[in-house]
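Novice: One structure follows; several queries about it will come next.
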Amino acid sequence: MVRALADSLGISDTAAVRRLDSQSRQQTALEGLRSSGVDTRGAFFDSEGRLTVNVTAPDTAREVEAAGLRARLARHSAGELDRVKTALDKYAEINTPAGVQGWGVDPMSDTVIVHVRDTAAAGTGTFLKKARSLGSAVTVRHDAGRAVSTAGIYPGSRMDYGNHYCSVGFGARTTSGQQVLVTAGHCVETLPDLYFAGSHFAKGSTTRFRHGQTSIDMGLATVDAGTTITTQVGTWNNGADIAIQGSRRAAVGSDVCKSGATSHWTCGSIKSYNYSVTYTDPGQPATLVTNLGLSNTCDLGGDSGGAWISGNQGQGMTSGGQTDNQCNGVYGQGTSYFQPLDDTLRYYGLSLNTA
């Protein structure tokens with residue numbers, strides 16, 4: 001992680017360590033604010049590396065600054081932006097906007113950003129009319145890429161099923177001690193048998209993803225007895241593998257890397273959470289997927305399910321990306337989506353396997 005960050009930013013390893021340590025310290029302070037009742041959903045790292053919290057009241061701003069963080073008086077509260085985003089989700093459930101690449105809360109701009117690919121596609125015009133009716137809380141941007149789910153034992157390794165492949169996510173355990181693989185839901189949509197290097201190692205057991213239906217891209221596979229998903233994320237020879245020590249969610253703007261079977265080890269930053277995407281996979285009906293993370297980390301088909309990590313904290317599993325991604329090495333830029341790990345563990349009542 002240090003080497004990848006240093007190379008991508010053109011800084012020394014020492015400076016990269018200081019940056020990661022600074023992010024960790026600030027997020028610890030943020031957790032303290034959250035426990036005292038401050039709404040920290042609008043937190044993000046600014047261009048100077050300062051963890052900034054959007055607030056709407058001077059008293060709250062003073063409390064944030066007393067904790068050593070930066071406060072910004074914002075026009076819209078986190079609750080207001082979440083309600084706007086939820087309204088767009090509900091509208092999309094009625095008529096999926098095939099030409100809208102995705103939408104989600106962006107704390108840096110203090111708006112819900114809607115990314116549009118094709119205004120002439122089915123359902124898109126009425127969706128944009130609805131979005132614009134919500135006023136200054138919405139920003140519409142135009143992008144050329146099309147979002148697709150990247151279908152296809154170290155987290156990030158290749159796993160095969162039928163004529164497709166995905167990437168290995170995180171190992172976890174149920175309350176009864178059953179070992180499971182935490183993965184993208186579309187990788188186990190048909191509850192397939194999963195193979196690593198030609199040998200069976202797991203079987204899909206549950207998923208919240210269905211093509212053509214409003215979905216959450218999380219799923220599980222039951223791991224065979226005698227098989228272990230390691231507690232280190234594979235970096236594909238980009239430095240040492242990274243030990244997983246938890247699943248604390250990183251703030252928007254945090255540095256993050258992902259491991260996958262196609263584009264291997266790529267890094268970038270987290271841009272948003274609770275992001276909604278319209279997947280338009282070839283041969284499949286348009287599918288609305290909600291509650292994703294958005295990143296500029298590059299990914300490609302087959303990376304789905306692969307592990308994301310920030311520092312030593314697991315962040316999620318690759319869900320999809322845009323068709324125009326250019327993953328030319330660790331620092332290739334693109335648009336990608338991940339299913340947050342903490343949400344998945346909480347929903348299924350799992351404990352993450354850690355180093």
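For the structure tokens, the naming scheme is as follows: chains receive sequential letters (A, B, ...) according to their order of presentation, residues are indexed from 1 within each chain, and ligands are indexed from 1 in presentation order.
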Tell me, as a list in words, which residues lie within 9 Å of Thr207 of chain A, counting only C-alpha atoms; anything in the same chain fewer than 3 positions away does not count.

Specialist: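 Within the cut-off, the hits are Ala184, Gly185, His186, Cys187, Val188, Glu189, Thr190, Leu191, Gly204, Arg210, Ile216, Asp217, Met218, Gly219, Leu220 and Ala221 of chain A.
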
Novice: Export, as a PDB file, in the first residue's frame, the selected residues with N, CA, C and O atoms.

Specialist:
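Contents of result.pdb, freshly written:
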ATOM      1  N   ALA A 184     -19.203 -10.424  -4.410  1.00  0.00           N
ATOM      2  CA  ALA A 184     -20.238  -9.660  -5.108  1.00  0.00           C
ATOM      3  C   ALA A 184     -21.425 -10.575  -5.382  1.00  0.00           C
ATOM      4  O   ALA A 184     -21.250 -11.730  -5.781  1.00  0.00           O
ATOM      5  N   GLY A 185     -22.640 -10.058  -5.200  1.00  0.00           N
ATOM      6  CA  GLY A 185     -23.825 -10.889  -5.369  1.00  0.00           C
ATOM      7  C   GLY A 185     -23.984 -11.438  -6.765  1.00  0.00           C
ATOM      8  O   GLY A 185     -24.464 -12.569  -6.953  1.00  0.00           O
ATOM      9  N   HIS A 186     -23.576 -10.663  -7.798  1.00  0.00           N
ATOM     10  CA  HIS A 186     -23.787 -11.158  -9.161  1.00  0.00           C
ATOM     11  C   HIS A 186     -22.845 -12.309  -9.509  1.00  0.00           C
ATOM     12  O   HIS A 186     -23.107 -13.046 -10.454  1.00  0.00           O
ATOM     13  N   CYS A 187     -21.758 -12.489  -8.729  1.00  0.00           N
ATOM     14  CA  CYS A 187     -20.862 -13.616  -8.964  1.00  0.00           C
ATOM     15  C   CYS A 187     -21.508 -14.942  -8.542  1.00  0.00           C
ATOM     16  O   CYS A 187     -21.096 -16.006  -9.009  1.00  0.00           O
ATOM     17  N   VAL A 188     -22.483 -14.879  -7.651  1.00  0.00           N
ATOM     18  CA  VAL A 188     -23.153 -16.091  -7.167  1.00  0.00           C
ATOM     19  C   VAL A 188     -24.651 -16.021  -7.430  1.00  0.00           C
ATOM     20  O   VAL A 188     -25.448 -16.623  -6.706  1.00  0.00           O
ATOM     21  N   GLU A 189     -25.043 -15.286  -8.475  1.00  0.00           N
ATOM     22  CA  GLU A 189     -26.467 -15.101  -8.773  1.00  0.00           C
ATOM     23  C   GLU A 189     -27.187 -16.434  -8.954  1.00  0.00           C
ATOM     24  O   GLU A 189     -28.330 -16.609  -8.543  1.00  0.00           O
ATOM     25  N   THR A 190     -26.515 -17.411  -9.569  1.00  0.00           N
ATOM     26  CA  THR A 190     -27.118 -18.733  -9.811  1.00  0.00           C
ATOM     27  C   THR A 190     -26.677 -19.766  -8.777  1.00  0.00           C
ATOM     28  O   THR A 190     -26.898 -20.961  -8.979  1.00  0.00           O
ATOM     29  N   LEU A 191     -26.047 -19.314  -7.698  1.00  0.00           N
ATOM     30  CA  LEU A 191     -25.523 -20.200  -6.642  1.00  0.00           C
ATOM     31  C   LEU A 191     -24.616 -21.288  -7.231  1.00  0.00           C
ATOM     32  O   LEU A 191     -24.802 -22.482  -6.993  1.00  0.00           O
ATOM     33  N   GLY A 204     -21.828 -21.101  -4.114  1.00  0.00           N
ATOM     34  CA  GLY A 204     -22.702 -19.987  -3.816  1.00  0.00           C
ATOM     35  C   GLY A 204     -23.875 -20.405  -2.964  1.00  0.00           C
ATOM     36  O   GLY A 204     -24.498 -21.443  -3.211  1.00  0.00           O
ATOM     37  N   ARG A 210     -30.178  -9.742  -8.603  1.00  0.00           N
ATOM     38  CA  ARG A 210     -30.939 -10.381  -9.681  1.00  0.00           C
ATOM     39  C   ARG A 210     -30.991  -9.430 -10.866  1.00  0.00           C
ATOM     40  O   ARG A 210     -31.408  -8.286 -10.732  1.00  0.00           O
ATOM     41  N   ILE A 216     -29.058  -5.372  -4.478  1.00  0.00           N
ATOM     42  CA  ILE A 216     -27.866  -5.063  -3.688  1.00  0.00           C
ATOM     43  C   ILE A 216     -26.820  -6.095  -4.104  1.00  0.00           C
ATOM     44  O   ILE A 216     -27.103  -7.297  -4.109  1.00  0.00           O
ATOM     45  N   ASP A 217     -25.610  -5.668  -4.445  1.00  0.00           N
ATOM     46  CA  ASP A 217     -24.632  -6.597  -5.029  1.00  0.00           C
ATOM     47  C   ASP A 217     -23.778  -7.276  -3.956  1.00  0.00           C
ATOM     48  O   ASP A 217     -22.544  -7.202  -3.977  1.00  0.00           O
ATOM     49  N   MET A 218     -24.437  -7.960  -3.028  1.00  0.00           N
ATOM     50  CA  MET A 218     -23.714  -8.727  -2.009  1.00  0.00           C
ATOM     51  C   MET A 218     -24.180 -10.173  -2.041  1.00  0.00           C
ATOM     52  O   MET A 218     -25.346 -10.465  -2.365  1.00  0.00           O
ATOM     53  N   GLY A 219     -23.272 -11.085  -1.750  1.00  0.00           N
ATOM     54  CA  GLY A 219     -23.611 -12.499  -1.717  1.00  0.00           C
ATOM     55  C   GLY A 219     -22.564 -13.292  -0.969  1.00  0.00           C
ATOM     56  O   GLY A 219     -21.485 -12.782  -0.641  1.00  0.00           O
ATOM     57  N   LEU A 220     -22.899 -14.549  -0.692  1.00  0.00           N
ATOM     58  CA  LEU A 220     -22.003 -15.426   0.053  1.00  0.00           C
ATOM     59  C   LEU A 220     -21.849 -16.760  -0.660  1.00  0.00           C
ATOM     60  O   LEU A 220     -22.726 -17.187  -1.410  1.00  0.00           O
ATOM     61  N   ALA A 221     -20.729 -17.413  -0.400  1.00  0.00           N
ATOM     62  CA  ALA A 221     -20.515 -18.792  -0.817  1.00  0.00           C
ATOM     63  C   ALA A 221     -20.009 -19.570   0.384  1.00  0.00           C
ATOM     64  O   ALA A 221     -19.218 -19.055   1.187  1.00  0.00           O
TER      65      ALA A 221
END

Novice: Would you kindly return, as an MDAnalysis selection string, each protein, DNA or RNA residue with an atom no farther than 12 Å from any atom of segment 15-19 of chain A, considering only C-alpha atoms and excluding same-chain residues fewer than 3 positions away?

Specialist: chainID A and resid 1:12 22:26 45 48:51 254:255 311

Novice: Go ahead and save the residues from that selection, with N, CA and C atoms, as a short mmCIF file (atom, residue, chain, number, x, y, z; two decimals), in the first residue's frame.

Specialist:
data_model
loop_
_atom_site.label_atom_id
_atom_site.label_comp_id
_atom_site.auth_asym_id
_atom_site.auth_seq_id
_atom_site.Cartn_x
_atom_site.Cartn_y
_atom_site.Cartn_z
N MET A 1 0.84 -1.20 0.00
CA MET A 1 0.00 0.00 0.00
C MET A 1 0.88 1.25 0.00
N VAL A 2 1.93 1.25 0.82
CA VAL A 2 2.83 2.40 0.90
C VAL A 2 3.52 2.62 -0.44
N ARG A 3 4.03 1.53 -1.02
CA ARG A 3 4.75 1.66 -2.30
C ARG A 3 3.82 2.15 -3.40
N ALA A 4 2.62 1.58 -3.46
CA ALA A 4 1.67 1.98 -4.50
C ALA A 4 1.29 3.45 -4.34
N LEU A 5 1.03 3.89 -3.11
CA LEU A 5 0.65 5.28 -2.87
C LEU A 5 1.80 6.21 -3.20
N ALA A 6 3.02 5.86 -2.79
CA ALA A 6 4.18 6.71 -3.06
C ALA A 6 4.39 6.90 -4.55
N ASP A 7 4.31 5.81 -5.30
CA ASP A 7 4.52 5.90 -6.75
C ASP A 7 3.42 6.69 -7.44
N SER A 8 2.17 6.47 -7.02
CA SER A 8 1.05 7.14 -7.69
C SER A 8 1.06 8.64 -7.45
N LEU A 9 1.55 9.09 -6.28
CA LEU A 9 1.57 10.52 -5.95
C LEU A 9 2.92 11.18 -6.21
N GLY A 10 3.93 10.35 -6.55
CA GLY A 10 5.25 10.90 -6.79
C GLY A 10 5.91 11.40 -5.52
N ILE A 11 5.68 10.68 -4.40
CA ILE A 11 6.26 11.07 -3.11
C ILE A 11 7.11 9.92 -2.57
N SER A 12 7.85 10.19 -1.51
CA SER A 12 8.70 9.16 -0.91
C SER A 12 7.87 8.17 -0.11
N SER A 22 -1.76 9.76 8.99
CA SER A 22 -2.60 10.94 9.22
C SER A 22 -4.07 10.63 8.96
N GLN A 23 -4.34 9.91 7.88
CA GLN A 23 -5.72 9.52 7.59
C GLN A 23 -6.30 8.67 8.72
N SER A 24 -5.49 7.74 9.23
CA SER A 24 -5.97 6.87 10.29
C SER A 24 -6.27 7.66 11.56
N ARG A 25 -5.38 8.59 11.93
CA ARG A 25 -5.59 9.39 13.15
C ARG A 25 -6.86 10.24 13.04
N GLN A 26 -7.04 10.86 11.89
CA GLN A 26 -8.21 11.72 11.70
C GLN A 26 -9.50 10.91 11.72
N PHE A 45 -12.02 13.67 2.82
CA PHE A 45 -10.67 14.21 2.83
C PHE A 45 -10.55 15.24 1.71
N GLU A 48 -5.91 18.80 0.59
CA GLU A 48 -4.77 18.96 1.48
C GLU A 48 -4.61 17.79 2.45
N GLY A 49 -5.50 16.80 2.35
CA GLY A 49 -5.42 15.66 3.25
C GLY A 49 -6.08 15.88 4.59
N ARG A 50 -6.87 16.96 4.73
CA ARG A 50 -7.58 17.23 5.97
C ARG A 50 -8.96 16.61 5.91
N LEU A 51 -9.33 15.89 6.96
CA LEU A 51 -10.66 15.31 7.04
C LEU A 51 -11.64 16.42 7.38
N SER A 254 -10.37 8.86 0.95
CA SER A 254 -9.30 7.97 1.42
C SER A 254 -8.65 7.23 0.26
N ASP A 255 -7.37 6.95 0.40
CA ASP A 255 -6.66 6.12 -0.56
C ASP A 255 -7.11 4.67 -0.40
N GLY A 311 -5.33 1.04 3.88
CA GLY A 311 -4.46 0.75 5.02
C GLY A 311 -4.52 -0.74 5.29
#

Novice: Show me a table, sorted first by chain and then by increasing residue number, of the residues of segment 266-335 of chain A having an atom at most 12 Å from segment 66-81 of chain A, each with its shortest atom pair and the distance in Å to one decimal, counting only C-alpha atoms and written as CSV.

Specialist:
residue,atom,partner,partner_atom,distance
A:Tyr273,CA,A:Ala78,CA,12.0
A:Asn274,CA,A:Leu81,CA,10.8
A:Tyr275,CA,A:Leu81,CA,11.9

Novice: Need to verify the contact set: Gln326 of chain A, 12 Å, only C-alpha atoms, exclusion of same-chain residues closer than 4 positions in sequence. Can you return it as an MDAnalysis selection string?

Specialist: chainID A and resid 145 263 266 296:301 321:322 330:336

Novice: Which residue is closest to Gln284 of chain A? Choose from A:Ala98, A:Ile270, A:Gly42, A:Phe338 and count only C-alpha atoms.

Specialist: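 Ranked by minimum distance to Gln284 of chain A, first place goes to A:Ala98.
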
Novice: In Å, with one decimal, what is the gap from atom CA of Thr96 of chain A to atom CA of Ala122 of chain A?

Specialist: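 The value is 7.9 Å.
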
Novice: Would you mind reading off the distance between atom CA of Gly260 of chain A and atom CA of Ser157 of chain A, one decimal, in Å?

Specialist: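 Distance between the two atoms: 6.3 Å.
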
Novice: Between A:Asp46, A:Asp59, A:Arg248, A:Val100, which has the minimum distance to Arg346 of chain A (counting only C-alpha atoms)?

Specialist: A:Arg248

Novice: Which polymer residues have any atom within 6 Å of an atom of segment 104-121 of chain A, counting only C-alpha atoms, with same-chain residues fewer than 4 positions away left out, as a PyMOL selection string?

Specialist: chain A and resi 42+98-100+137-144+272+275-276

Novice: For N, CA and C atoms, I'd like the residues from the last selection saved as a PDB file, in the first residue's frame.

Specialist:
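Output file again.pdb is given in full below:
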ATOM      1  N   GLY A  42     -21.311  13.432   6.123  1.00  0.00           N
ATOM      2  CA  GLY A  42     -20.777  14.341   5.115  1.00  0.00           C
ATOM      3  C   GLY A  42     -19.282  14.546   5.217  1.00  0.00           C
ATOM      4  N   ALA A  98     -32.002   3.600 -18.360  1.00  0.00           N
ATOM      5  CA  ALA A  98     -30.891   2.878 -18.980  1.00  0.00           C
ATOM      6  C   ALA A  98     -29.731   3.785 -19.369  1.00  0.00           C
ATOM      7  N   GLY A  99     -29.997   5.085 -19.609  1.00  0.00           N
ATOM      8  CA  GLY A  99     -28.945   5.996 -20.029  1.00  0.00           C
ATOM      9  C   GLY A  99     -28.261   6.732 -18.896  1.00  0.00           C
ATOM     10  N   VAL A 100     -28.676   6.456 -17.656  1.00  0.00           N
ATOM     11  CA  VAL A 100     -28.044   7.090 -16.494  1.00  0.00           C
ATOM     12  C   VAL A 100     -27.050   6.101 -15.902  1.00  0.00           C
ATOM     13  N   ALA A 137     -29.847  20.659  -4.836  1.00  0.00           N
ATOM     14  CA  ALA A 137     -29.260  19.476  -4.200  1.00  0.00           C
ATOM     15  C   ALA A 137     -28.794  18.451  -5.223  1.00  0.00           C
ATOM     16  N   VAL A 138     -29.067  18.674  -6.510  1.00  0.00           N
ATOM     17  CA  VAL A 138     -28.700  17.728  -7.564  1.00  0.00           C
ATOM     18  C   VAL A 138     -27.802  18.411  -8.588  1.00  0.00           C
ATOM     19  N   THR A 139     -26.731  17.703  -8.981  1.00  0.00           N
ATOM     20  CA  THR A 139     -25.857  18.129 -10.073  1.00  0.00           C
ATOM     21  C   THR A 139     -25.869  17.051 -11.141  1.00  0.00           C
ATOM     22  N   VAL A 140     -26.102  17.430 -12.403  1.00  0.00           N
ATOM     23  CA  VAL A 140     -26.121  16.479 -13.514  1.00  0.00           C
ATOM     24  C   VAL A 140     -24.826  16.622 -14.302  1.00  0.00           C
ATOM     25  N   ARG A 141     -24.129  15.504 -14.519  1.00  0.00           N
ATOM     26  CA  ARG A 141     -22.902  15.491 -15.314  1.00  0.00           C
ATOM     27  C   ARG A 141     -23.026  14.455 -16.421  1.00  0.00           C
ATOM     28  N   HIS A 142     -22.348  14.708 -17.525  1.00  0.00           N
ATOM     29  CA  HIS A 142     -22.413  13.810 -18.674  1.00  0.00           C
ATOM     30  C   HIS A 142     -21.104  13.030 -18.794  1.00  0.00           C
ATOM     31  N   ASP A 143     -21.201  11.687 -18.914  1.00  0.00           N
ATOM     32  CA  ASP A 143     -20.056  10.789 -19.044  1.00  0.00           C
ATOM     33  C   ASP A 143     -20.304   9.843 -20.207  1.00  0.00           C
ATOM     34  N   ALA A 144     -19.197   9.416 -20.851  1.00  0.00           N
ATOM     35  CA  ALA A 144     -19.337   8.563 -22.033  1.00  0.00           C
ATOM     36  C   ALA A 144     -19.430   7.081 -21.693  1.00  0.00           C
ATOM     37  N   SER A 272     -17.405   8.276  -3.172  1.00  0.00           N
ATOM     38  CA  SER A 272     -18.762   8.395  -2.631  1.00  0.00           C
ATOM     39  C   SER A 272     -19.212   7.064  -2.063  1.00  0.00           C
ATOM     40  N   TYR A 275     -24.014   4.881  -3.411  1.00  0.00           N
ATOM     41  CA  TYR A 275     -24.103   5.254  -4.823  1.00  0.00           C
ATOM     42  C   TYR A 275     -24.984   4.238  -5.551  1.00  0.00           C
ATOM     43  N   SER A 276     -25.809   4.723  -6.466  1.00  0.00           N
ATOM     44  CA  SER A 276     -26.695   3.856  -7.248  1.00  0.00           C
ATOM     45  C   SER A 276     -26.216   3.803  -8.694  1.00  0.00           C
TER      46      SER A 276
END

Novice: Determine the nearest neighbour of Gly171 of chain A from the options A:Phe196, A:Ser36, A:Arg158, A:Ile229, counting only C-alpha atoms.

Specialist: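 That would be A:Ile229, the residue with the smallest distance to Gly171 of chain A.
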
Novice: Report as a PyMOL selection string: the residues of segment 84-200 of chain A with a DSSP assignment of alpha helix (DSSP H), based on the backbone of this structure.

Specialist: chain A and resi 84-94+124-132

Novice: What separation in Å, quoted to one decimal, exists between atom CA of Ile309 of chain A and atom CA of His200 of chain A?

Specialist: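 Result for atom CA of Ile309 of chain A versus atom CA of His200 of chain A: 26.1 Å, one decimal.
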
Novice: I need the strand (DSSP E or B) residues of segment 207-301 of chain A per DSSP on the backbone, written as a VMD selection string.

Specialist: chain A and resid 207 215 219 to 223 232 to 233 242 to 243 246 252 255 to 260 264 to 279 287 to 297

Novice: Save the residues we just selected, N, CA and C atoms, as a short mmCIF file (atom, residue, chain, number, x, y, z; two decimals), in the first residue's frame?

Specialist:
data_model
loop_
_atom_site.label_atom_id
_atom_site.label_comp_id
_atom_site.auth_asym_id
_atom_site.auth_seq_id
_atom_site.Cartn_x
_atom_site.Cartn_y
_atom_site.Cartn_z
N THR A 207 -27.62 -14.65 -2.31
CA THR A 207 -27.30 -13.43 -3.04
C THR A 207 -28.46 -12.46 -2.96
N SER A 215 -31.45 -4.30 -7.00
CA SER A 215 -30.57 -5.26 -6.31
C SER A 215 -29.56 -4.58 -5.41
N GLY A 219 -23.27 -11.09 -1.75
CA GLY A 219 -23.61 -12.50 -1.72
C GLY A 219 -22.56 -13.29 -0.97
N LEU A 220 -22.90 -14.55 -0.69
CA LEU A 220 -22.00 -15.43 0.05
C LEU A 220 -21.85 -16.76 -0.66
N ALA A 221 -20.73 -17.41 -0.40
CA ALA A 221 -20.51 -18.79 -0.82
C ALA A 221 -20.01 -19.57 0.38
N THR A 222 -20.48 -20.79 0.53
CA THR A 222 -20.03 -21.67 1.61
C THR A 222 -18.69 -22.29 1.21
N VAL A 223 -17.69 -22.14 2.06
CA VAL A 223 -16.33 -22.61 1.76
C VAL A 223 -16.19 -24.08 2.16
N GLN A 232 -4.81 -12.22 4.15
CA GLN A 232 -3.94 -11.25 3.50
C GLN A 232 -4.43 -11.04 2.07
N VAL A 233 -4.55 -9.78 1.67
CA VAL A 233 -4.97 -9.46 0.31
C VAL A 233 -3.75 -9.54 -0.61
N ILE A 242 -1.06 -7.71 1.94
CA ILE A 242 -1.50 -6.83 3.03
C ILE A 242 -2.40 -7.58 4.01
N ALA A 243 -2.00 -7.61 5.27
CA ALA A 243 -2.78 -8.28 6.30
C ALA A 243 -4.07 -7.51 6.59
N GLY A 246 -9.30 -5.54 9.93
CA GLY A 246 -10.62 -5.07 10.30
C GLY A 246 -11.41 -4.64 9.09
N VAL A 252 -14.72 9.23 2.59
CA VAL A 252 -14.59 9.68 1.21
C VAL A 252 -13.28 10.45 1.06
N ASP A 255 -7.37 6.95 0.40
CA ASP A 255 -6.66 6.12 -0.56
C ASP A 255 -7.11 4.67 -0.40
N VAL A 256 -7.27 3.97 -1.51
CA VAL A 256 -7.76 2.60 -1.49
C VAL A 256 -7.14 1.83 -2.64
N CYS A 257 -6.96 0.53 -2.45
CA CYS A 257 -6.48 -0.34 -3.51
C CYS A 257 -7.37 -1.56 -3.61
N LYS A 258 -7.41 -2.17 -4.79
CA LYS A 258 -8.20 -3.37 -4.96
C LYS A 258 -7.38 -4.43 -5.67
N SER A 259 -7.71 -5.69 -5.39
CA SER A 259 -7.03 -6.83 -5.99
C SER A 259 -8.04 -7.62 -6.81
N GLY A 260 -7.69 -7.91 -8.07
CA GLY A 260 -8.61 -8.64 -8.94
C GLY A 260 -7.88 -9.47 -9.97
N HIS A 264 -5.59 -6.93 -11.78
CA HIS A 264 -4.65 -7.18 -10.69
C HIS A 264 -4.73 -6.10 -9.61
N TRP A 265 -3.62 -5.44 -9.29
CA TRP A 265 -3.55 -4.51 -8.16
C TRP A 265 -3.65 -3.08 -8.69
N THR A 266 -4.72 -2.40 -8.36
CA THR A 266 -4.91 -1.02 -8.80
C THR A 266 -5.34 -0.16 -7.61
N CYS A 267 -4.98 1.11 -7.69
CA CYS A 267 -5.21 2.00 -6.55
C CYS A 267 -5.83 3.32 -7.01
N GLY A 268 -6.49 3.98 -6.09
CA GLY A 268 -7.11 5.27 -6.35
C GLY A 268 -7.65 5.82 -5.05
N SER A 269 -8.83 6.42 -5.10
CA SER A 269 -9.44 6.97 -3.89
C SER A 269 -10.95 6.73 -3.93
N ILE A 270 -11.55 6.80 -2.75
CA ILE A 270 -13.00 6.62 -2.62
C ILE A 270 -13.67 7.96 -2.89
N LYS A 271 -14.69 7.95 -3.76
CA LYS A 271 -15.36 9.18 -4.16
C LYS A 271 -16.73 9.37 -3.50
N SER A 272 -17.40 8.28 -3.17
CA SER A 272 -18.76 8.40 -2.63
C SER A 272 -19.21 7.06 -2.06
N TYR A 273 -20.22 7.11 -1.19
CA TYR A 273 -20.91 5.92 -0.71
C TYR A 273 -22.40 6.06 -1.03
N ASN A 274 -23.12 4.97 -0.78
CA ASN A 274 -24.56 4.93 -1.05
C ASN A 274 -24.84 5.37 -2.48
N TYR A 275 -24.01 4.88 -3.41
CA TYR A 275 -24.10 5.25 -4.82
C TYR A 275 -24.98 4.24 -5.55
N SER A 276 -25.81 4.72 -6.47
CA SER A 276 -26.70 3.86 -7.25
C SER A 276 -26.22 3.80 -8.69
N VAL A 277 -26.29 2.62 -9.30
CA VAL A 277 -25.80 2.42 -10.66
C VAL A 277 -26.85 1.68 -11.48
N THR A 278 -26.99 2.07 -12.74
CA THR A 278 -27.79 1.30 -13.68
C THR A 278 -26.85 0.44 -14.51
N TYR A 279 -26.81 -0.87 -14.24
CA TYR A 279 -25.99 -1.78 -15.03
C TYR A 279 -26.75 -2.17 -16.29
N THR A 287 -30.42 -3.21 -14.87
CA THR A 287 -30.54 -3.57 -13.46
C THR A 287 -30.10 -2.41 -12.60
N LEU A 288 -30.94 -1.99 -11.68
CA LEU A 288 -30.61 -0.94 -10.72
C LEU A 288 -29.94 -1.58 -9.50
N VAL A 289 -28.71 -1.14 -9.20
CA VAL A 289 -27.99 -1.62 -8.02
C VAL A 289 -27.72 -0.43 -7.11
N THR A 290 -28.10 -0.55 -5.86
CA THR A 290 -27.98 0.56 -4.91
C THR A 290 -26.97 0.24 -3.81
N ASN A 291 -26.64 1.28 -3.04
CA ASN A 291 -25.77 1.16 -1.86
C ASN A 291 -24.34 0.75 -2.18
N LEU A 292 -23.81 1.22 -3.31
CA LEU A 292 -22.44 0.91 -3.69
C LEU A 292 -21.49 2.02 -3.26
N GLY A 293 -20.18 1.70 -3.27
CA GLY A 293 -19.14 2.71 -3.15
C GLY A 293 -18.66 3.08 -4.55
N LEU A 294 -18.29 4.34 -4.74
CA LEU A 294 -17.79 4.84 -6.02
C LEU A 294 -16.32 5.19 -5.87
N SER A 295 -15.50 4.85 -6.88
CA SER A 295 -14.07 5.11 -6.81
C SER A 295 -13.51 5.39 -8.19
N ASN A 296 -12.34 6.03 -8.24
CA ASN A 296 -11.61 6.17 -9.51
C ASN A 296 -10.55 5.09 -9.66
N THR A 297 -10.56 4.09 -8.79
CA THR A 297 -9.69 2.93 -8.95
C THR A 297 -10.13 2.17 -10.20
#
